Every structure is written in structure tokens, then in C-alpha cells.
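Notes to accompany the following structure.
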Amino acid sequence: MPKSTKKLFITFSKALSFILLLLLLLPVKLISQEIKVSNQSVFNPITDDITKKIPPLEVLIDSALANSHRLKYWDTEIKITEYELKSVKREWTNDIFFTGEGKEGTWTSLVYVQDQYGNEVGTLGTTDQGRYIVGIGMRIPILDIWDRGNKIKLNKMRIERNIEKMLEDKQAIRANVINLFNELLIQQNMLKLDIDNIEFSELTAEMADKEFQNGKISLSDLSRIRDNLNRARYRYVDSQTGFTKAYVMLQELTGIKFNELNNWE
């Protein structure tokens with residue numbers, strides 16, 4: 001085989017091998033990326049940072065305010081009292097009225113005419129006529145006029161009261177979101193501390209079992225160490241429950257669906 005042909009064959013073989021290697025590695029890379037994306041919707045409180053898995057605090061507060069049915073109720077109440085105020089201001093038009101009357105028919109009237117001698121003689125005559133009367137009137141209710149200012153002030157005060165109640169509920173919602181957010185941070189830190197405490201207590205309990213079997217510690221000392229392990233496990237379960245409760249309540253309050261929680265031990 002000529003050297004040029006042999007060299008070309010070697011180059012072609014290397015290129016083919018490189019392409020085959022890429023084809024073999026590409027599916028593995030795609031699968032690993034797919035698994036990584038699918039795991040983004042799952043949250044593990046033990047290993048993941050809670051602040052990276054839920055929206056920022058300000059976004060949570062804004063969403064909770066928009067999701068509050070209580071605030072929607074007060075918004076409706078304010079609009080109702082505003083319409084009532086407009087109605088009170090227009091009540092004076094109730095005392096202004098228009099009247100009208102229309103009649104058509106044959107009307108009889110006495111008409112004086114002069115006879116041939118110059119004397120006025122009365123005679124009855126009939127005519128077909130239509131008669132229409134239009135008028136405007138106004139009543140003056142003294143009590144309503146006297147009390148009009150009080151009614152307007154009363155409705156304005158109702159509007160201000162409803163606005164204050166709505167602002168009060170907004171403050172309560174903000175405080176609730178902040179408390180739940182901080183509770184998540186605290187409970188997650190407690191979970192990590194509890195795990196470390198459990199691991200240390202389990203190691204201590206194993207050593208205590210060996211020392212008890214070797215007669216180096218008494219039964220009361222072993223019981224005390226075992227009791228510390230049980231308390232550590234209880235604190236972990238309590239922190240786990242508190243974290244889950246705050247996590248679910250924050251979702252309910254804000255109306256935002258967070259990442260699903262892992263079923264951790």
C-alpha cells in the first residue's frame with residue numbers, strides 16, 4: 001500500500017473513531033441533563049437552601065396580598081360605601097319634581113257678539129281643542145336638609161374605617177408571611193443541627209453500649225446516654241413537622257405552588 005494511501009486511511013480511521021465516541025457520549029450527557037432538570041422540582045430540606053427554592057420575600061408578600069380574599073372583601077366594602085356617599089349627595093334631587101297635564105276634547109265657551117243694532121249678545125260656542133300644562137315644583141323637607149351634612153360625614157367616616165381595616169389586614173398578612181419565611185429558615189437550620197446531634201448521640205450510644213458490656217459504665221449512665229439519643233430524635237421530628245407546616249402554610253397564604261418536598265427520613 002502506498003504511503004499516501006496508508007496515511008489517508010489512518011486519518012480516516014481516527015476521524016471515524018472520534019465521531020463514534022461522540023455518538024456514544026452524547027446520549028449519556030442528554031440523560032444526565034434530563035435527570036438534573038427533573039430533579040429541580042424536588043426540594044430536599046436537608047441538603048438544599050430554602051432561599052434558593054422559593055421566591056424572594058417581597059414576591060411572597062405581594063402574592064399573599066393579591067391572593068387574600070379578606071382584602072378583596074374590604075375593597076368591595078369601600079366601593080359600596082363610595083356609591084352610598086354619591087347617593088346621599090344626590091338625595092336633594094328627590095324633592096324636585098316636574099308636573100304635566102294634557103287634555104283634548106270639545107270645549108264650550110260663552111262668546112259675545114254684536115247684533116245688527118250694535119248690542120252685545122252672548123252665545124254659546126263649541127270648539128275642539130287640546131290643552132297642555134307643564135310645571136316644575138320643589139318641596140323643602142327641613143329635616144332632610146338639616147341632616148344632609150351629617151349623612152355625608154357618616155358615609156365618609158365609613159369609607160375611612162374600611163380603608164383602615166384593609167390596611168390593618170395588609171399589615172397582618174405581611175407579618176404572617178415574614179414570620180412563616182423566618183420560621184422556614186429557623187426550622188431548616190434546626191433540622192441540620194438535629195441531624196448532627198443525632199449522629200453524635202448514636203455514636204456516643206454505641207460507645208456506651210460497649211463500655212457497659214465491659215463494665216466501665218453503670219446502667220444509669222447508659223440510660224442517660226440513650227435518653228439523650230431519644231431526645232435528639234424527638235427534636236428532629238419536631239423540627240421536621242414545624243418545617244413542613246410552615247412550608248405548606250406559606251404556599252396556602254401566597255397561592256404559589258413551591259417545589260415538592262422529598263420524603264426524608
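Identifiers in the C-alpha cells: chain A, B, ... in order shown; residue index from 1 per chain; ligand index from 1 in order shown.
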
Q: Excluding A:Pro56 and any residue of its chain fewer than 6 positions from it, enumerate the residues within 12 Å of it, using only C-alpha atoms, and give them as a PyMOL selection string.
A: chain A and resi 50+62-63+177-178+181-182+254+256

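Distances from A:Ala172, A:Ile78, A:Leu203, A:Leu250 to A:Pro55 were compared using only C-alpha atoms, and the smallest one belongs to A:Leu250.
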
Q. Restricting the calculation to only C-alpha atoms, which member of A:Leu65, A:Ala232, A:Ile173, A:Leu184 is positioned closest to A:Ile198?
A. A:Ala232

Q: Enter the distance from atom CA of A:Asn228 to atom CA of A:Pro45, in Å, rounded to one decimal.
A: 23.9 Å

**Q.** Computed interatomic separation between atom CA of A:Glu183 and atom CA of A:Gly242 (Å)
**A.**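 According to the coordinates, atom CA of A:Glu183 and atom CA of A:Gly242 are separated by 8.1 Å.
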
**Q.** For A:Ser68, the nearest of the candidates A:Gly255, A:Ile46, A:Thr51, A:Lys86, counting only C-alpha atoms
**A.**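 Using only C-alpha atoms, the shortest distance to A:Ser68 belongs to A:Gly255.
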
**Q.** Exercise: A:Glu82 partners within 10 Å, only C-alpha atoms, chain neighbours under 3 positions left out, as an MDAnalysis selection string
**A.** chainID A and resid 76:79 85:88 155:156 158:159

(Q) To one decimal place in Å, what is the distance between atom CA of A:Ala246 and atom CA of A:Lys192? (A) 16.6 Å

(Q) With only C-alpha atoms as the counted atoms, please give the residues lying no more than 12 Å from A:Arg231, apart from itself and same-chain residues fewer than 3 positions off, as a VMD selection string. (A) chain A and resid 194 197 to 198 201 to 202 224 to 228 234 to 238

Give me a file of those residues, with N, CA and C atoms, as a PDB file, in the first residue's frame.
```
ATOM      1  N   ASP A 194     -30.091  19.118  64.187  1.00  0.00           N
ATOM      2  CA  ASP A 194     -30.632  17.904  64.792  1.00  0.00           C
ATOM      3  C   ASP A 194     -29.986  16.652  64.205  1.00  0.00           C
ATOM      4  N   ASN A 197     -26.688  16.287  65.704  1.00  0.00           N
ATOM      5  CA  ASN A 197     -26.852  15.860  67.101  1.00  0.00           C
ATOM      6  C   ASN A 197     -27.208  14.385  67.182  1.00  0.00           C
ATOM      7  N   ILE A 198     -28.060  13.918  66.245  1.00  0.00           N
ATOM      8  CA  ILE A 198     -28.430  12.503  66.233  1.00  0.00           C
ATOM      9  C   ILE A 198     -27.215  11.635  65.933  1.00  0.00           C
ATOM     10  N   SER A 201     -25.085  11.541  68.937  1.00  0.00           N
ATOM     11  CA  SER A 201     -25.712  10.765  70.015  1.00  0.00           C
ATOM     12  C   SER A 201     -25.680   9.270  69.704  1.00  0.00           C
ATOM     13  N   GLU A 202     -25.868   8.915  68.424  1.00  0.00           N
ATOM     14  CA  GLU A 202     -25.796   7.498  68.049  1.00  0.00           C
ATOM     15  C   GLU A 202     -24.389   6.947  68.268  1.00  0.00           C
ATOM     16  N   ARG A 224     -28.985   7.247  80.657  1.00  0.00           N
ATOM     17  CA  ARG A 224     -28.918   8.689  80.402  1.00  0.00           C
ATOM     18  C   ARG A 224     -28.459   8.974  78.966  1.00  0.00           C
ATOM     19  N   ILE A 225     -27.477   8.231  78.481  1.00  0.00           N
ATOM     20  CA  ILE A 225     -26.982   8.428  77.119  1.00  0.00           C
ATOM     21  C   ILE A 225     -28.045   8.026  76.103  1.00  0.00           C
ATOM     22  N   ARG A 226     -28.751   6.926  76.377  1.00  0.00           N
ATOM     23  CA  ARG A 226     -29.832   6.506  75.498  1.00  0.00           C
ATOM     24  C   ARG A 226     -30.973   7.521  75.483  1.00  0.00           C
ATOM     25  N   ASP A 227     -31.222   8.106  76.631  1.00  0.00           N
ATOM     26  CA  ASP A 227     -32.271   9.125  76.718  1.00  0.00           C
ATOM     27  C   ASP A 227     -31.897  10.366  75.905  1.00  0.00           C
ATOM     28  N   ASN A 228     -30.627  10.722  75.910  1.00  0.00           N
ATOM     29  CA  ASN A 228     -30.173  11.856  75.088  1.00  0.00           C
ATOM     30  C   ASN A 228     -30.386  11.577  73.606  1.00  0.00           C
ATOM     31  N   TYR A 234     -36.403  13.029  68.866  1.00  0.00           N
ATOM     32  CA  TYR A 234     -37.678  13.734  69.023  1.00  0.00           C
ATOM     33  C   TYR A 234     -37.571  15.171  68.517  1.00  0.00           C
ATOM     34  N   ARG A 235     -36.470  15.837  68.838  1.00  0.00           N
ATOM     35  CA  ARG A 235     -36.293  17.216  68.364  1.00  0.00           C
ATOM     36  C   ARG A 235     -36.243  17.275  66.836  1.00  0.00           C
ATOM     37  N   TYR A 236     -35.635  16.246  66.242  1.00  0.00           N
ATOM     38  CA  TYR A 236     -35.580  16.205  64.775  1.00  0.00           C
ATOM     39  C   TYR A 236     -36.987  16.070  64.183  1.00  0.00           C
ATOM     40  N   VAL A 237     -37.783  15.185  64.746  1.00  0.00           N
ATOM     41  CA  VAL A 237     -39.166  15.008  64.264  1.00  0.00           C
ATOM     42  C   VAL A 237     -39.971  16.289  64.476  1.00  0.00           C
ATOM     43  N   ASP A 238     -39.756  16.946  65.613  1.00  0.00           N
ATOM     44  CA  ASP A 238     -40.467  18.195  65.889  1.00  0.00           C
ATOM     45  C   ASP A 238     -40.063  19.281  64.889  1.00  0.00           C
TER      46      ASP A 238
END
```

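Nearest residue to A:Ile186, choosing from A:Glu252, A:Glu206, A:Glu160, A:Asp49 and counting only C-alpha atoms: A:Asp49.
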
Q | Minimum-distance residue to A:Ile152, chosen among A:Gln171, A:Thr204, A:Ser220, A:Thr81 (using only C-alpha atoms) | A |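 Among A:Gln171, A:Thr204, A:Ser220, A:Thr81, it is A:Thr81 that comes nearest to A:Ile152.
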
Q: Find the residue from A:Met190, A:Ile163, A:Leu222, A:Met249 that sits nearest to A:Tyr73; use only C-alpha atoms when measuring.
A: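 Nearest candidate to A:Tyr73 out of A:Met190, A:Ile163, A:Leu222, A:Met249: A:Ile163.
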
Q: Show which residues sit within 12 Å of A:Lys52, as a list of chain:residue names. Count only C-alpha atoms, and ignore same-chain residues fewer than 4 positions away.
A: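 Residues meeting the cut-off are A:Gln40, A:Ser41, A:Phe43, A:Asn44, A:Pro45, A:Thr47, A:Asp48, A:Pro56, A:Leu57, A:Leu185, A:Phe258, A:Asn259.
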